[in-house]
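Engineer: To be precise about what I am sending: the file is called run.cif and holds mmCIF, C-alpha atoms.
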data_query
#
loop_
_atom_site.label_atom_id
_atom_site.label_comp_id
_atom_site.auth_asym_id
_atom_site.auth_seq_id
_atom_site.Cartn_x
_atom_site.Cartn_y
_atom_site.Cartn_z
CA MET P 20 -5.47 -56.06 -8.51
CA ALA P 21 -2.30 -58.02 -8.25
CA GLN P 22 0.34 -55.95 -6.48
CA GLY P 23 3.08 -58.47 -6.05
CA PRO P 24 6.58 -58.04 -7.37
CA VAL P 25 6.67 -58.31 -11.09
CA VAL P 26 9.11 -60.68 -12.65
CA ALA P 27 10.90 -59.55 -15.74
CA GLN P 28 10.39 -61.92 -18.58
CA GLY P 29 12.32 -60.36 -21.39
CA PRO P 30 16.04 -60.24 -21.90
CA VAL P 31 16.26 -56.65 -20.85
CA VAL P 32 14.48 -55.17 -17.88
CA ALA P 33 13.12 -51.92 -19.10
CA GLN P 34 10.35 -50.76 -16.84
CA VAL P 35 9.79 -53.55 -14.43
CA PRO P 36 10.69 -52.72 -10.85
CA VAL P 37 14.25 -53.61 -10.10
CA ALA P 38 14.01 -56.59 -7.84
CA ALA P 39 17.08 -56.09 -5.75
CA SER P 40 18.53 -53.54 -3.44
CA VAL P 41 22.01 -53.47 -4.79
CA PRO P 42 24.03 -50.34 -4.49
CA VAL P 43 25.09 -49.76 -8.02
CA VAL P 44 28.69 -49.64 -7.00
CA ALA P 45 29.65 -50.24 -3.45
CA GLN P 46 32.21 -47.69 -2.55
CA GLY P 47 35.47 -49.34 -1.74
CA PRO P 48 37.66 -48.56 1.21
CA VAL P 49 38.77 -45.00 1.06
CA ALA P 50 42.03 -43.73 2.45
CA ALA P 51 41.44 -43.37 6.14
CA SER P 52 39.93 -40.14 7.36
CA VAL P 53 40.02 -38.51 3.98
CA PRO P 54 36.47 -38.17 2.86
CA VAL P 55 37.23 -38.72 -0.77
CA VAL P 56 34.08 -39.14 -2.69
CA ALA P 57 33.91 -41.15 -5.84
CA GLN P 58 32.53 -38.96 -8.54
CA GLY P 59 30.27 -39.94 -11.32
CA PRO P 60 26.90 -41.50 -11.71
CA VAL P 61 27.86 -44.86 -10.28
CA ALA P 62 28.68 -43.37 -6.92
CA ALA P 63 25.08 -42.53 -6.25
CA GLN P 64 23.66 -44.75 -3.61
CA VAL P 65 20.71 -46.23 -5.32
CA THR P 66 18.48 -48.18 -3.05
CA VAL P 67 15.54 -50.03 -4.41
CA ALA P 68 12.95 -51.81 -2.37
CA ALA P 69 14.26 -55.26 -2.04
CA PRO P 70 12.36 -58.47 -1.77
CA VAL P 71 15.37 -60.62 -2.55
CA LEU P 72 18.85 -59.41 -2.00
CA VAL P 73 20.18 -56.81 0.33
CA VAL P 74 23.76 -55.69 0.06
CA GLU P 75 24.89 -53.48 2.86
CA ARG P 76 27.04 -50.62 1.86
CA PRO P 77 30.49 -51.02 3.36
CA ARG P 78 31.13 -48.49 6.07
CA ASN P 79 34.33 -46.58 5.80
CA GLU P 80 36.31 -45.07 8.59
CA GLY P 81 35.06 -41.62 9.21
CA ASP P 82 32.12 -42.24 6.96
CA GLU P 83 29.75 -40.72 9.46
CA THR P 84 31.21 -37.31 8.80
CA SER P 85 31.18 -37.58 5.04
CA PRO P 86 27.68 -37.40 3.80
CA ASP P 87 26.90 -39.07 0.56
CA PRO P 88 27.65 -36.53 -2.15
CA HIS P 89 24.26 -37.02 -3.64
CA GLY P 90 22.42 -37.13 -0.38
CA GLU P 91 20.45 -40.24 0.31
CA VAL P 92 19.37 -41.23 -3.13
CA THR P 93 16.56 -43.65 -3.11
CA VAL P 94 14.41 -44.91 -5.86
CA GLU P 95 10.77 -45.25 -5.17
CA ARG P 96 9.68 -48.77 -5.71
CA VAL P 97 7.87 -48.58 -8.99
CA GLU P 98 4.56 -50.28 -8.69
CA LEU P 99 3.24 -50.64 -12.16
CA SER P 100 -0.45 -50.40 -12.46
CA ALA P 101 -2.16 -53.67 -13.20
CA GLU P 102 -2.81 -52.54 -16.74
CA LEU P 103 0.91 -52.16 -17.39
CA ALA P 104 2.07 -55.19 -15.47
CA GLY P 105 -0.46 -57.50 -17.03
CA GLY P 106 -1.58 -58.50 -13.58
CA GLU P 107 -5.24 -57.94 -13.96
CA GLY P 108 -5.78 -60.94 -16.17
CA ARG P 109 -7.94 -59.00 -18.56
CA ALA P 110 -7.67 -60.42 -22.02
CA ALA P 111 -7.74 -58.29 -25.09
CA THR P 112 -10.33 -58.93 -27.75
CA ALA P 113 -9.10 -60.10 -31.14
CA ASP P 114 -9.28 -56.65 -32.67
CA VAL P 115 -7.71 -54.86 -29.73
CA ALA P 116 -4.96 -57.47 -29.69
CA ALA P 117 -4.32 -56.86 -33.37
CA TYR P 118 -4.09 -53.14 -32.71
CA ALA P 119 -1.78 -53.64 -29.73
CA LEU P 120 0.41 -55.72 -32.02
CA TRP P 121 0.76 -52.75 -34.39
CA LEU P 122 1.91 -50.48 -31.62
CA GLY P 123 4.06 -53.10 -29.92
CA ASP P 124 5.84 -54.06 -33.12
CA ASP P 125 6.51 -50.43 -34.02
CA ALA P 126 8.18 -49.86 -30.67
CA LEU P 127 10.01 -53.20 -30.64
CA ILE P 128 11.57 -52.79 -34.06
CA LEU P 129 12.58 -49.19 -33.47
CA SER P 130 14.10 -50.19 -30.15
CA GLN P 131 16.09 -52.99 -31.73
CA GLN P 132 17.35 -50.63 -34.42
CA LEU P 133 18.50 -48.01 -31.94
CA GLY P 134 20.24 -50.67 -29.92
CA ALA P 135 22.58 -51.18 -32.86
CA TRP P 136 24.01 -47.70 -32.23
CA ILE P 137 25.40 -48.67 -28.86
CA ALA P 138 29.20 -48.32 -29.02
CA ARG P 139 28.87 -46.85 -32.52
CA ALA P 140 27.34 -43.44 -31.90
CA PRO P 141 29.34 -40.31 -32.69
CA GLU P 142 30.14 -39.76 -29.02
CA LEU P 143 29.89 -41.78 -25.85
CA GLU P 144 27.17 -39.50 -24.53
CA GLU P 145 25.06 -40.17 -27.60
CA ASP P 146 25.48 -43.91 -27.05
CA VAL P 147 23.81 -43.50 -23.71
CA ALA P 148 21.09 -41.22 -25.04
CA LEU P 149 20.13 -43.59 -27.83
CA ALA P 150 20.29 -46.58 -25.50
CA ASN P 151 17.97 -44.83 -23.06
CA ILE P 152 15.51 -44.15 -25.83
CA ALA P 153 15.77 -47.74 -27.03
CA LEU P 154 15.03 -49.02 -23.54
CA ASP P 155 12.03 -46.74 -23.18
CA LEU P 156 10.70 -48.10 -26.46
CA LEU P 157 11.36 -51.66 -25.39
CA GLY P 158 9.28 -50.98 -22.30
CA HIS P 159 6.39 -49.78 -24.44
CA ALA P 160 6.77 -52.78 -26.72
CA ARG P 161 6.65 -55.17 -23.79
CA SER P 162 3.46 -53.66 -22.43
CA PHE P 163 1.72 -53.71 -25.80
CA LEU P 164 2.90 -57.19 -26.72
CA ARG P 165 1.98 -58.60 -23.34
CA TYR P 166 -1.49 -57.21 -23.81
CA ALA P 167 -1.71 -58.43 -27.39
CA GLY P 168 -0.69 -61.90 -26.25
CA SER P 169 -3.35 -61.98 -23.56
CA TYR P 170 -5.86 -62.62 -26.32
CA ASP P 171 -4.49 -66.02 -27.30
CA GLY P 172 -2.26 -66.93 -24.40
CA ARG P 173 1.09 -66.00 -25.90
CA THR P 174 3.74 -64.23 -23.87
CA GLU P 175 5.62 -61.12 -24.95
CA ASP P 176 8.63 -63.35 -25.66
CA ASP P 177 6.52 -65.66 -27.83
CA LEU P 178 5.48 -62.66 -29.86
CA ALA P 179 8.93 -61.10 -30.07
CA TYR P 180 10.96 -64.20 -30.79
CA TRP P 181 8.68 -66.76 -32.33
CA ARG P 182 6.83 -64.89 -35.00
CA ASP P 183 8.17 -64.86 -38.53
CA GLU P 184 8.45 -61.80 -40.70
CA PRO P 185 4.94 -61.89 -42.27
CA GLU P 186 3.39 -62.03 -38.80
CA PHE P 187 4.89 -58.71 -37.75
CA ARG P 188 2.76 -55.59 -38.10
CA CYS P 189 5.24 -52.74 -37.80
CA ALA P 190 5.06 -49.81 -40.19
CA TRP P 191 7.84 -49.30 -42.69
CA LEU P 192 9.15 -46.13 -41.10
CA PHE P 193 10.39 -48.14 -38.15
CA GLN P 194 12.05 -50.63 -40.49
CA GLN P 195 14.16 -48.03 -42.25
CA PRO P 196 17.85 -48.76 -41.74
CA ASN P 197 19.88 -46.74 -39.26
CA GLY P 198 21.99 -45.38 -42.10
CA ASP P 199 24.24 -42.61 -40.91
CA PHE P 200 23.50 -40.61 -37.79
CA ALA P 201 21.45 -38.08 -39.76
CA GLN P 202 19.21 -40.81 -41.12
CA THR P 203 18.64 -42.20 -37.65
CA ILE P 204 17.75 -38.71 -36.46
CA ALA P 205 15.37 -38.14 -39.38
CA ARG P 206 13.68 -41.45 -38.57
CA GLN P 207 13.58 -40.54 -34.89
CA LEU P 208 12.04 -37.18 -35.67
CA ALA P 209 9.20 -38.65 -37.70
CA ALA P 210 8.72 -41.55 -35.29
CA SER P 211 8.76 -39.58 -32.06
CA VAL P 212 6.51 -36.77 -33.29
CA TYR P 213 4.06 -39.41 -34.52
CA LEU P 214 4.28 -41.48 -31.33
CA PHE P 215 3.82 -38.42 -29.14
CA GLU P 216 0.61 -37.46 -30.93
CA LEU P 217 -0.54 -41.08 -30.95
CA TYR P 218 0.00 -41.71 -27.24
CA THR P 219 -1.44 -38.34 -26.30
CA ALA P 220 -4.64 -39.30 -28.07
CA LEU P 221 -4.55 -42.92 -26.95
CA GLN P 222 -4.75 -41.87 -23.32
CA GLY P 223 -8.42 -41.28 -24.02
CA SER P 224 -8.93 -44.80 -25.33
CA SER P 225 -12.00 -46.66 -24.14
CA ASP P 226 -9.68 -49.61 -23.51
CA ALA P 227 -8.23 -49.12 -20.03
CA THR P 228 -5.04 -51.06 -20.73
CA LEU P 229 -4.18 -49.18 -23.90
CA ALA P 230 -4.92 -45.89 -22.16
CA ALA P 231 -2.65 -46.77 -19.23
CA ILE P 232 0.24 -47.83 -21.45
CA ALA P 233 -0.13 -44.64 -23.47
CA ALA P 234 -0.17 -42.49 -20.34
CA LYS P 235 3.17 -43.91 -19.25
CA ALA P 236 4.71 -43.86 -22.71
CA VAL P 237 3.77 -40.31 -23.63
CA LYS P 238 6.10 -38.77 -21.05
CA GLU P 239 9.03 -40.77 -22.36
CA VAL P 240 8.25 -40.12 -26.00
CA GLU P 241 8.10 -36.40 -25.29
CA TYR P 242 11.79 -36.56 -24.42
CA HIS P 243 12.54 -38.63 -27.51
CA ARG P 244 10.88 -35.94 -29.57
CA ASP P 245 12.93 -33.23 -27.93
CA HIS P 246 16.12 -35.21 -28.56
CA ALA P 247 15.28 -35.65 -32.24
CA VAL P 248 14.25 -32.02 -32.70
CA GLN P 249 17.44 -30.71 -31.09
CA TRP P 250 19.58 -32.92 -33.29
CA THR P 251 17.65 -32.03 -36.42
CA LEU P 252 18.25 -28.34 -35.76
CA ARG P 253 21.95 -28.88 -35.14
CA LEU P 254 22.60 -31.16 -38.07
CA ALA P 255 20.65 -28.93 -40.44
CA GLY P 256 22.30 -25.80 -39.12
CA GLY P 257 25.77 -27.24 -38.51
CA THR P 258 28.46 -27.71 -41.11
CA ASP P 259 27.91 -28.04 -44.84
CA GLU P 260 28.48 -31.77 -44.48
CA SER P 261 25.97 -32.24 -41.67
CA ARG P 262 23.38 -30.18 -43.52
CA ARG P 263 23.89 -32.15 -46.71
CA ARG P 264 23.43 -35.40 -44.84
CA MET P 265 20.36 -34.20 -42.96
CA ILE P 266 18.66 -33.12 -46.18
CA ARG P 267 19.43 -36.47 -47.77
CA ALA P 268 18.19 -38.33 -44.68
CA VAL P 269 14.89 -36.51 -44.61
CA GLY P 270 14.42 -37.31 -48.28
CA ASP P 271 15.17 -40.98 -47.66
CA VAL P 272 12.86 -41.37 -44.68
CA TRP P 273 9.87 -39.26 -45.61
CA PRO P 274 8.22 -41.59 -48.16
CA TYR P 275 7.46 -43.91 -45.25
CA VAL P 276 5.66 -41.32 -43.14
CA GLY P 277 2.42 -41.64 -45.09
CA GLU P 278 1.74 -45.18 -43.92
CA LEU P 279 1.50 -44.02 -40.32
CA PHE P 280 -1.65 -42.05 -41.04
CA ARG P 281 -3.46 -44.58 -43.19
CA ASP P 282 -6.73 -45.88 -41.77
CA GLU P 283 -6.87 -49.65 -42.12
CA PRO P 284 -10.15 -51.60 -41.85
CA LEU P 285 -9.14 -52.71 -38.36
CA ILE P 286 -9.53 -49.15 -37.10
CA ASP P 287 -13.16 -49.05 -38.15
CA ARG P 288 -13.93 -52.04 -35.94
CA LEU P 289 -12.25 -50.59 -32.85
CA ASP P 290 -14.33 -47.45 -32.36
CA ASP P 291 -13.01 -45.51 -29.38
CA ALA P 292 -10.47 -48.10 -28.32
CA ALA P 293 -8.00 -47.06 -31.01
CA VAL P 294 -6.85 -43.75 -32.37
CA ARG P 295 -7.80 -43.18 -35.98
CA PRO P 296 -4.42 -42.65 -37.66
CA SER P 297 -5.63 -40.03 -40.13
CA THR P 298 -6.71 -37.78 -37.25
CA LEU P 299 -3.10 -37.51 -36.07
CA GLN P 300 -1.77 -36.06 -39.29
CA PRO P 301 -2.67 -32.37 -38.78
CA ALA P 302 -0.86 -32.20 -35.43
CA PHE P 303 2.09 -34.13 -36.84
CA ASP P 304 2.32 -31.84 -39.84
CA ALA P 305 2.17 -28.74 -37.64
CA VAL P 306 5.07 -29.86 -35.42
CA ILE P 307 7.17 -30.96 -38.36
CA ALA P 308 6.47 -27.72 -40.23
CA ALA P 309 7.67 -25.70 -37.25
CA VAL P 310 10.83 -27.76 -36.85
CA PHE P 311 11.63 -27.70 -40.55
CA ALA P 312 11.05 -23.96 -40.70
CA GLU P 313 13.51 -23.38 -37.88
CA ALA P 314 15.99 -25.83 -39.39
CA GLU P 315 15.45 -24.28 -42.83
CA LEU P 316 14.67 -27.66 -44.29
CA GLU P 317 12.18 -28.25 -47.02
CA LEU P 318 9.42 -30.75 -46.49
CA PRO P 319 9.81 -33.50 -49.10
CA THR P 320 6.85 -33.49 -51.44
CA GLY P 321 7.54 -36.72 -53.28
CA PRO P 322 5.11 -39.62 -53.44
CA MET P 323 4.47 -41.71 -50.34
CA SER P 324 5.38 -45.39 -50.36
CA SER P 325 2.47 -47.79 -50.62
CA ALA P 326 4.15 -49.70 -47.79
CA GLY P 327 2.23 -52.55 -46.20
CA GLY P 328 3.56 -53.16 -42.71
CA ARG P 329 0.10 -53.43 -41.16
CA ARG P 330 -0.68 -56.30 -43.55
CA GLY P 331 2.59 -58.12 -42.96
CA ALA P 332 4.35 -57.05 -46.14
CA HIS P 333 7.67 -55.66 -45.09
CA PHE P 334 10.67 -53.64 -46.10
CA PRO P 335 13.71 -55.78 -47.02
CA THR P 336 15.53 -54.77 -43.83
CA LEU P 337 13.13 -56.47 -41.46
CA GLY P 338 14.11 -60.06 -42.17
CA PHE P 339 17.76 -59.44 -41.32
CA LEU P 340 16.83 -57.50 -38.23
CA LEU P 341 14.57 -60.28 -36.99
CA ALA P 342 17.20 -62.91 -37.71
CA GLU P 343 19.62 -61.13 -35.44
CA MET P 344 17.03 -60.37 -32.78
CA GLN P 345 15.57 -63.87 -32.67
CA VAL P 346 18.51 -66.19 -33.22
CA LEU P 347 19.50 -66.60 -29.60
CA ALA P 348 16.00 -67.31 -28.34
CA ARG P 349 15.45 -69.80 -31.15
CA GLN P 350 18.70 -71.63 -30.64
CA HIS P 351 18.06 -71.99 -26.95
CA PRO P 352 14.28 -72.24 -26.58
CA GLY P 353 13.06 -71.52 -23.12
CA ALA P 354 16.39 -70.21 -21.92
CA THR P 355 16.23 -67.47 -19.32
CA TRP P 356 18.90 -64.99 -18.45
CA MET H 12 38.55 -22.42 -29.04
CA THR H 13 39.43 -23.62 -32.51
CA THR H 14 37.02 -23.42 -35.38
CA SER H 15 34.30 -25.97 -35.03
CA GLY H 16 34.60 -28.85 -37.47
CA ALA H 17 38.17 -27.93 -38.40
CA SER H 18 39.56 -31.33 -37.55
CA PRO H 19 37.89 -34.71 -38.01
CA ARG H 20 39.40 -35.78 -34.71
CA GLU H 21 38.01 -32.86 -32.83
CA THR H 22 35.89 -33.80 -29.85
CA TRP H 23 33.08 -31.86 -28.29
CA PRO H 24 33.90 -29.44 -25.49
CA LEU H 25 33.98 -30.76 -21.96
CA TRP H 26 31.29 -29.82 -19.45
CA GLU H 27 31.18 -30.31 -15.72
CA VAL H 28 27.90 -31.57 -14.35
CA PHE H 29 26.36 -30.69 -11.01
CA VAL H 30 23.31 -32.56 -9.82
CA ARG H 31 20.98 -31.74 -6.99
CA ALA H 32 19.57 -34.90 -5.52
CA GLY H 33 16.59 -33.40 -3.80
CA ARG H 34 14.96 -30.36 -2.35
CA GLY H 35 17.08 -28.61 0.24
CA LEU H 36 20.33 -30.19 -0.91
CA SER H 37 23.01 -28.37 -2.81
CA HIS H 38 24.18 -29.20 -6.29
CA VAL H 39 27.08 -31.63 -6.12
CA HIS H 40 29.64 -32.33 -8.78
CA ALA H 41 28.59 -35.57 -10.46
CA GLY H 42 31.17 -35.81 -13.21
CA SER H 43 31.83 -34.48 -16.65
CA LEU H 44 30.79 -35.13 -20.20
CA HIS H 45 31.20 -33.93 -23.76
CA ALA H 46 28.52 -31.99 -25.56
CA PRO H 47 28.39 -29.66 -28.54
CA ASP H 48 26.62 -26.88 -26.65
CA ALA H 49 24.92 -26.04 -23.38
CA ASP H 50 21.48 -27.33 -24.34
CA PHE H 51 22.90 -30.68 -25.29
CA ALA H 52 25.16 -30.76 -22.27
CA LEU H 53 22.02 -30.56 -20.16
CA ARG H 54 20.33 -33.34 -22.09
CA ASN H 55 23.42 -35.53 -22.03
CA ALA H 56 23.71 -34.94 -18.31
CA ARG H 57 20.11 -36.02 -17.92
CA ASP H 58 20.87 -39.22 -19.81
CA VAL H 59 24.22 -39.98 -18.25
CA TYR H 60 23.84 -38.85 -14.65
CA THR H 61 20.17 -38.99 -13.73
CA ARG H 62 18.95 -42.14 -15.39
CA ARG H 63 18.40 -43.78 -12.03
CA SER H 64 16.40 -40.90 -10.62
CA GLU H 65 19.39 -39.31 -8.92
CA GLY H 66 18.39 -35.74 -9.47
CA THR H 67 15.81 -33.01 -9.44
CA SER H 68 18.00 -30.31 -10.93
CA ILE H 69 21.11 -30.19 -13.10
CA TRP H 70 23.72 -27.51 -13.72
CA VAL H 71 26.24 -27.77 -16.52
CA VAL H 72 29.29 -25.54 -16.69
CA PRO H 73 31.91 -25.41 -19.43
CA ALA H 74 34.99 -27.04 -17.98
CA ASP H 75 36.98 -24.09 -19.40
CA ALA H 76 35.05 -21.74 -17.16
CA ILE H 77 36.25 -23.40 -13.99
CA THR H 78 39.47 -22.10 -12.49
CA THR H 79 41.13 -24.74 -10.42
CA SER H 80 43.80 -24.58 -7.79
CA ASP H 81 47.20 -25.77 -8.88
CA PRO H 82 48.01 -29.24 -7.54
CA ASP H 83 51.70 -28.28 -7.38
CA SER H 84 51.06 -25.43 -5.01
CA LYS H 85 49.47 -27.71 -2.48
CA GLY H 86 51.85 -26.61 0.21
CA ALA H 87 51.22 -22.93 -0.08
CA PHE H 88 47.54 -23.40 -0.61
CA PHE H 89 46.46 -26.08 1.79
CA GLU H 90 49.08 -26.91 4.34
CA SER H 91 49.29 -23.53 5.95
CA PRO H 92 46.35 -24.12 8.34
CA ALA H 93 48.21 -27.06 9.87
CA GLY H 94 48.86 -26.39 13.51
CA LYS H 95 46.50 -23.46 13.63
CA ASN H 96 44.02 -25.21 15.80
CA TYR H 97 42.73 -21.91 17.07
CA ARG H 98 40.94 -21.52 13.75
CA HIS H 99 38.54 -24.22 14.80
CA ALA H 100 35.64 -23.03 16.82
CA THR H 101 35.99 -25.99 19.12
CA TYR H 102 39.52 -24.87 20.09
CA TYR H 103 38.22 -22.37 22.56
CA THR H 104 36.80 -23.39 25.84
CA ALA H 105 33.55 -21.77 26.58
CA SER H 106 33.47 -19.73 29.71
CA GLU H 107 31.09 -20.88 32.33
CA GLY H 108 28.02 -18.81 32.54
CA VAL H 109 27.90 -17.95 28.86
CA PRO H 110 24.57 -19.27 27.68
CA HIS H 111 23.66 -20.53 24.25
CA LEU H 112 27.20 -21.29 23.11
#
Translate the structure of the given file into structure tokens.

Structural biologist:
Amino acid sequence: MAQGPVVAQGPVVAQVPVAASVPVVAQGPVAASVPVVAQGPVAAQVTVAAPVLVVERPRNEGDETSPDPHGEVTVERVELSAELAGGEGRAATADVAAYALWLGDDALILSQQLGAWIARAPELEEDVALANIALDLLGHARSFLRYAGSYDGRTEDDLAYWRDEPEFRCAWLFQQPNGDFAQTIARQLAASVYLFELYTALQGSSDATLAAIAAKAVKEVEYHRDHAVQWTLRLAGGTDESRRRMIRAVGDVWPYVGELFRDEPLIDRLDDAAVRPSTLQPAFDAVIAAVFAEAELELPTGPMSSAGGRRGAHFPTLGFLLAEMQVLARQHPGATW
Amino acid sequence: MTTSGASPRETWPLWEVFVRAGRGLSHVHAGSLHAPDADFALRNARDVYTRRSEGTSIWVVPADAITTSDPDSKGAFFESPAGKNYRHATYYTASEGVPHL
């Protein structure tokens, strides 16, 4: 069991322990003897176990009498289990790697899509909410892709940046464009209800790595589901305009739900390591039915798309998305930042 | 409040956020945010103010519901105690022989 500090390999550190003890914002000199306290999230004194860099918080005059407004906020050093950190050196089999690629690509593409909302969401607060969700998903993607790559010696970055469109295995739901906010919420609703049921079941996987990743992810996805449900209720029950858009969004997104529950031949070869997609549908349908009933939305009954994400046939949006996601890594191979 | 959705430039109501960092500590004002209603104010507060594990409990209060002191009446409100040192417990000298003081 490797327990050493884990080095982030991707462009964004999502779930890897923060490798520095940097107060998020060092509080500047404060007018003498007036215990003014900076308000806001940045004022919290976040201390993370620090192998590298230690920045002492500047002491202000009279600081001893002004306790930190948040108390001593410390962050437990997050020691990822070996399964999540990829430290155990256990390689996936070909079939498990292929399955991990499904799940990793779903999370990666959805994360990249949500990232496009940053600075464009209806309100600043929603920017942060969607970015948080995107980062959670990126963390899941990294764990799955790292594991998938352990089969043939590729890194998570190799898989994210150096595969072309036909080599991706994400389902079409995750490739649906952001559209307006209602469409993003409709996509989030279907995705997060599906992912919650999937990860809940995957915790019982016979593959220890998949089970560990699912156990971590399910808690995060539960919040994503709550976020999507709350927004669905508000958009559907808000103004005439928001309701009109929500109904249209559900109609646009729903044809791509069917693919999520299709059993591909790969599933038959995985036995207990994978979750059989078709078994997730009843629970998915039950949650969606309850939400739609409360939101007074009708479940679309149109035909499901044949889709083909698991075979590498993709929706037209994916190529553009990959071009944007991969261009930097491809122009500067091996660059780190 | 005006009718919701009346103006395209309307913003969500403002909420004040109080976060409790840990057991035994009190809720402390962390900042403010916009949200359409209380449920979302709580979720937004979770996303904006506790994303680095700062809290174990959150309160949100409509900013409208908070009555603040008037900055212009600072003199009447806050400067009156000046010179009234006897209001501090430490002003008095403890008599000898009084235990536990």

Engineer: Counting all atoms listed in the file, write as a ChimeraX atom specification all protein and nucleic acid residues lying at most 8 Å from (19.5, -31.8, -6.1) in the file's frame.

Structural biologist: /P:89 /H:30-39,66-69

Engineer: Translate the PyMOL selection byres ((chain H) within 10 of (chain P)), as applied to the file shown, into an explicit residue set as a VMD selection string.

Structural biologist: chain H and resid 15 to 16 22 to 23 28 to 33 36 to 48 50 to 52 54 to 66

Engineer: Which residue is closest to Asp155 of chain P? Choose from P:Gly270, P:Pro319, P:Gly172, P:Gly134 and count all atoms listed in the file.

Structural biologist: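 Counting all atoms listed in the file, the residue closest to Asp155 of chain P is P:Gly134.
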
Engineer: Within 12 Å of segment 350-352 of chain P, counting all atoms listed in the file, which residues show up once you throw out same-chain ones fewer than 5 positions away? Write them as number ranges by chain, please.

Structural biologist: P: 176-177, 180-181, 342-345

Engineer: Would you mind exporting C-alpha atoms of the selected residues as a short mmCIF file (atom, residue, chain, number, x, y, z; two decimals), in the coordinates of the input?

Structural biologist:
data_model
loop_
_atom_site.label_atom_id
_atom_site.label_comp_id
_atom_site.auth_asym_id
_atom_site.auth_seq_id
_atom_site.Cartn_x
_atom_site.Cartn_y
_atom_site.Cartn_z
CA ASP P 176 8.63 -63.35 -25.66
CA ASP P 177 6.52 -65.66 -27.83
CA TYR P 180 10.96 -64.20 -30.79
CA TRP P 181 8.68 -66.76 -32.33
CA ALA P 342 17.20 -62.91 -37.71
CA GLU P 343 19.62 -61.13 -35.44
CA MET P 344 17.03 -60.37 -32.78
CA GLN P 345 15.57 -63.87 -32.67
#

Engineer: What residues come out when you apply the PyMOL selection byres ((chain P and resi 187) around 10) to this file, written as a PyMOL selection string?

Structural biologist: chain P and resi 120-121+123-125+128+178-179+182-186+188-190+328-333+337+341

Engineer: Can I get the selection written as a CSV table (one decimal), in the frame of the given file, with C-alpha atoms?

Structural biologist:
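Output file out-v9.csv is given in full below:
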chain,number,residue,atom,x,y,z
P,120,LEU,CA,0.4,-55.7,-32.0
P,121,TRP,CA,0.8,-52.8,-34.4
P,123,GLY,CA,4.1,-53.1,-29.9
P,124,ASP,CA,5.8,-54.1,-33.1
P,125,ASP,CA,6.5,-50.4,-34.0
P,128,ILE,CA,11.6,-52.8,-34.1
P,178,LEU,CA,5.5,-62.7,-29.9
P,179,ALA,CA,8.9,-61.1,-30.1
P,182,ARG,CA,6.8,-64.9,-35.0
P,183,ASP,CA,8.2,-64.9,-38.5
P,184,GLU,CA,8.4,-61.8,-40.7
P,185,PRO,CA,4.9,-61.9,-42.3
P,186,GLU,CA,3.4,-62.0,-38.8
P,188,ARG,CA,2.8,-55.6,-38.1
P,189,CYS,CA,5.2,-52.7,-37.8
P,190,ALA,CA,5.1,-49.8,-40.2
P,328,GLY,CA,3.6,-53.2,-42.7
P,329,ARG,CA,0.1,-53.4,-41.2
P,330,ARG,CA,-0.7,-56.3,-43.6
P,331,GLY,CA,2.6,-58.1,-43.0
P,332,ALA,CA,4.4,-57.0,-46.1
P,333,HIS,CA,7.7,-55.7,-45.1
P,337,LEU,CA,13.1,-56.5,-41.5
P,341,LEU,CA,14.6,-60.3,-37.0

Engineer: Report as a list of chain:residue names all protein, DNA and RNA residues lying within 10 Å of Glu313 of chain P, evaluated on only C-alpha atoms, omitting residues in the same chain fewer than 5 positions from it.

Structural biologist: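 The filter keeps P:Thr251, P:Leu252, P:Ala255, P:Gly256, P:Ile307, P:Ala308.
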
Engineer: Selected residues, C-alpha atoms, written as a CSV table (one decimal), keeping the file's coordinate frame, please.

Structural biologist:
chain,number,residue,atom,x,y,z
P,251,THR,CA,17.6,-32.0,-36.4
P,252,LEU,CA,18.2,-28.3,-35.8
P,255,ALA,CA,20.6,-28.9,-40.4
P,256,GLY,CA,22.3,-25.8,-39.1
P,307,ILE,CA,7.2,-31.0,-38.4
P,308,ALA,CA,6.5,-27.7,-40.2

Engineer: Go through P:Ala153, P:Ala293, P:Ala231, P:Met323 one by one, measure the shortest atom-to-atom distance of each to Leu122 of chain P using all atoms listed in the file, and give the residue with the smallest value.

Structural biologist: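 Among the listed residues, P:Ala293 lies closest to Leu122 of chain P.
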
Engineer: Could you tell me how far atom CA of Pro322 of chain P sits from atom CA of Arg288 of chain P, in Å to one decimal place?

Structural biologist: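 Atom-to-atom, atom CA of Arg288 of chain P and atom CA of Pro322 of chain P are spaced 28.7 Å apart.
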
Engineer: Atom CA of Gln194 of chain P and atom CA of Ala110 of chain P are how many Å apart?

Structural biologist: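 These atoms are spaced 28.7 Å apart.
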
Engineer: Which neighbours of Phe280 of chain P fall inside 7 Å, counting all atoms listed in the file, when residues of the same chain fewer than 4 positions from it are skipped, and could you give them as a PDB file with C-alpha atoms, in the frame of the given file?

Structural biologist:
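This went into result27.pdb:
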ATOM      1  CA  PRO P 296      -4.420 -42.650 -37.660  1.00  0.00           C
ATOM      2  CA  SER P 297      -5.630 -40.030 -40.130  1.00  0.00           C
ATOM      3  CA  LEU P 299      -3.100 -37.510 -36.070  1.00  0.00           C
ATOM      4  CA  GLN P 300      -1.770 -36.060 -39.290  1.00  0.00           C
TER       5      GLN P 300
END

Engineer: Looking at P:Val346, P:Ile204, P:Leu154, P:Leu289, which one is nearest to Ser261 of chain P, with distances taken over all atoms listed in the file?

Structural biologist: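 Residue with the minimum atom-to-atom distance to Ser261 of chain P: P:Ile204.
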